[in-house]
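Participant: Below is one structure. I have some questions about it.
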Amino acid sequence: MKFRNKTLLRLFFVGAVFVAICVLFLVRLINIAATSQPNKIQTGTYQREEIIEAQRGEIYDRNGNKLVYNSYTYDLALDYDAMAATQQERNYDILTVLGAIDAMGSSGKLNNDSFPFDGTYPNYTYKAQAVDGDSNMYYRLLKRIAQNELEDECETPKTELTVSYLDSFYKQSPQAFPSETEILNWYLTKYKLVSEDGVAEFADAEMDKLIRMRYDMEVNDFSVYNKYTVIKGVDMKFITYMEELSVAGVTFTANATRQYSYPGYASHILGQVGKIQQENWSYYQSLGYDMNDVVGINGCEQAFESYLRGQDGIRQVTEDENGNVIDSKIIKTAVAGKDVYLTIDIELQIAAEDGLERNVNNIPTAEGGAICALDPNSGEILALASYPTFDLSTYNEDYDKLSKDPSKPYLNRALNEIYAPGSTFKVGMAAAGISSGKISSSTILDCSGKYTYYKDYQPTCLGVHGDVNAAYSLQVSCNCYYYELGRRMGIDLMNEYCEAYGFGQHTGVELREEVGILAGPAYRDENGLEHWTAGNTISAAIGQSDNSVTPIQLASYIATVLNGGTRYSAHLLKEVREYGSGRLVIKSEKVKLGEVSLSADALEAAKTGMRRMVRNSATVSTYMSDVPVTVGGKTGTAQRGGDKLDNGLFVCAAPYDDPEIVVSSVIESSGSGALSTYAASRVLAAYYND
């Protein structure tokens, strides 16, 4: 008996220990469950965090004229965590939100473009896109089918239930594609839209709204990680109305959209903002961006992203079980981005774009063009235009049409199209020939209309000019003069100067640019082309052969020659200032990219020849008649090969003897350099007649 009692005592002790351990584990499990729901801070009370979107910096021209600014709109979204607990309650809340939208007559845009059916509940039929194997709607539908099949625990292995598997399967067995009724039944059951005996919980019109919205929520991956935007672009009156309704899970987000003070102007320069693209995500992630952040995707918006970008803040919101906000506090303050001031003068930009459009449209054969104006003593870009162009304020609406336009309005010709420089090349050749000692400013070369030094290659001139010196060669654009100069210098010496002028190199501009081609044996060898010959050298000396430049390179090259040989980095950034206060943060300094020694005689000959060229051309002098200073310039007519009409080019500077502005202009297929001078004249007139 004593043994039995002792045994019972031991069993009791073991049982007590077991019970204690179980209680301990139970308490631990309860604690884990509680801490795994950080949003719930007490019974019926929830916390959530909202992003306070930082102001993006704005963009100004050199004179403080605002070019790009922010405009704010508000979107109504649903927060998964903060919504009611049951599907039935959520259905009523969704209908309340949709009812409020109807009641307030909101003009915002509902998110319902993804729905795959035509008709209304319960009579749905597939839209054509929904069963089109190449459409986005079809693939979104396949994703929903795969998800619902998994939730139904079908016999198909889960590893095979992918969009690609279903796509292949249905294309082989189209009769197996779920019917409209099957899809509908999934949603009726899943979201408790019918009772257990199959009776609809709402009227048909309400059922239709709920099914459409529930489907779109799935398409947009509505979850604890992603809010669902119900409607975009609501006003403050609507926000106040919704706050009075106190619908659980409703939240509002502020969105900044970029607005343009001069719609249609500077579009190629300013650029756009947008969501981070997948191929760039790793780069932005390394800089601390979130995947849904808005960034500059081209133009100055992209180039100066690090200045324009602000730092988002965080607001912590506490709500009761009915969705009423009972506390709100900022736990991280948003910091606005900085304002960027460009070197562009918007009045010159407008003159450049309007002049370029008129120049192109007044020449029946012209296909497009570009113009660049810069300060030759600093590299500051004053205007940069390309035509045809587009309007950033209507970019989304116009995109499909303009992207198919053969005239390529989205192409920034000033930076990303290359052209043979033609006779504009002769200015640099004259300066190089005199500075290198191969000729002097007074050296006389004979022009008989044909260059006869080589027996097997005797190219012609534009006329019979007789005795020609350096200044006169630029005035009349004598090819024979430069054939002989090219022969005397040789391609290696020519290219020493051309490299110093920036041919075949980046100009330094902050936007994406082409580098063009510096003709010569090296280029031919690197690209597997025909061996370089003496004939190629004299052809290169008049700006032909393989030589190609962008309009901004053309302006930079002329600036380098006329300022005495210093090549400055072309740039668009002038200043960076604090948002709101205007406090100066960064002031851009001029940067030397290179330097070449040009003699005083060389500069005098180049400037004199350019002044005489403008004065003695009836067309050019007429265009320049309302410019109140003396202009020096040089036309160029560049052959394109085949049956294509020649491009017309023009470079100019004012005042001619001590330039403070340099302009380059290219008109595609104009057939004449002289006909390409109108746009440049409008820029100079605007510069001096402001």
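Note on naming: chains are A, B, ... as they come in the structure tokens, residues start from 1 per chain, ligands start from 1 in the order shown.
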Please provide the set of residues having any atom within 8 Å of stretch 67-72 of chain A, restricted to only C-alpha atoms, with same-chain residues fewer than 5 positions apart removed, written as a ChimeraX atom specification.
Facilitator: /A:55-61,254-262
Participant: So that I can check the surroundings of stretch 245-247 of chain A, please list as a VMD selection string every protein, DNA and RNA residue that reaches within 12 Å of it, counting only C-alpha atoms and ignoring chain neighbours fewer than 5 positions away.
Facilitator: chain A and resid 76 to 79 82 to 84 89 to 100 238 to 240 319 to 326
Participant: Enumerate, in order of chain and increasing residue number, the residues of stretch 482-569 of chain A with an atom no farther than 12 Å from stretch 281-299 of chain A, each with its shortest atom pair and distance in Å to one decimal, counting only C-alpha atoms, as a Markdown table.
Facilitator:
| residue | atom | partner | partner_atom | distance |
| --- | --- | --- | --- | --- |
| A:Val509 | CA | A:Gly299 | CA | 10.9 |
| A:Glu510 | CA | A:Gly299 | CA | 8.6 |
| A:Leu511 | CA | A:Gly299 | CA | 6.0 |
| A:Arg512 | CA | A:Gly299 | CA | 8.0 |
| A:Glu513 | CA | A:Gly299 | CA | 10.9 |
Participant: So what do you get for atom CA of A:Tyr419 versus atom CA of A:Tyr399, distance-wise?
Facilitator: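 Here the two named atoms are 26.9 Å from each other.
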Participant: Would you please extract all helix (DSSP H, G or I) residues from stretch 487-518 of chain A, as assigned by DSSP on the backbone, and give them as a list of chain:residue names?
Facilitator: A:Arg487, A:Arg488, A:Met489, A:Gly490, A:Ile491, A:Asp492, A:Leu493, A:Met494, A:Asn495, A:Glu496, A:Tyr497, A:Cys498, A:Glu499, A:Ala500, A:Tyr501
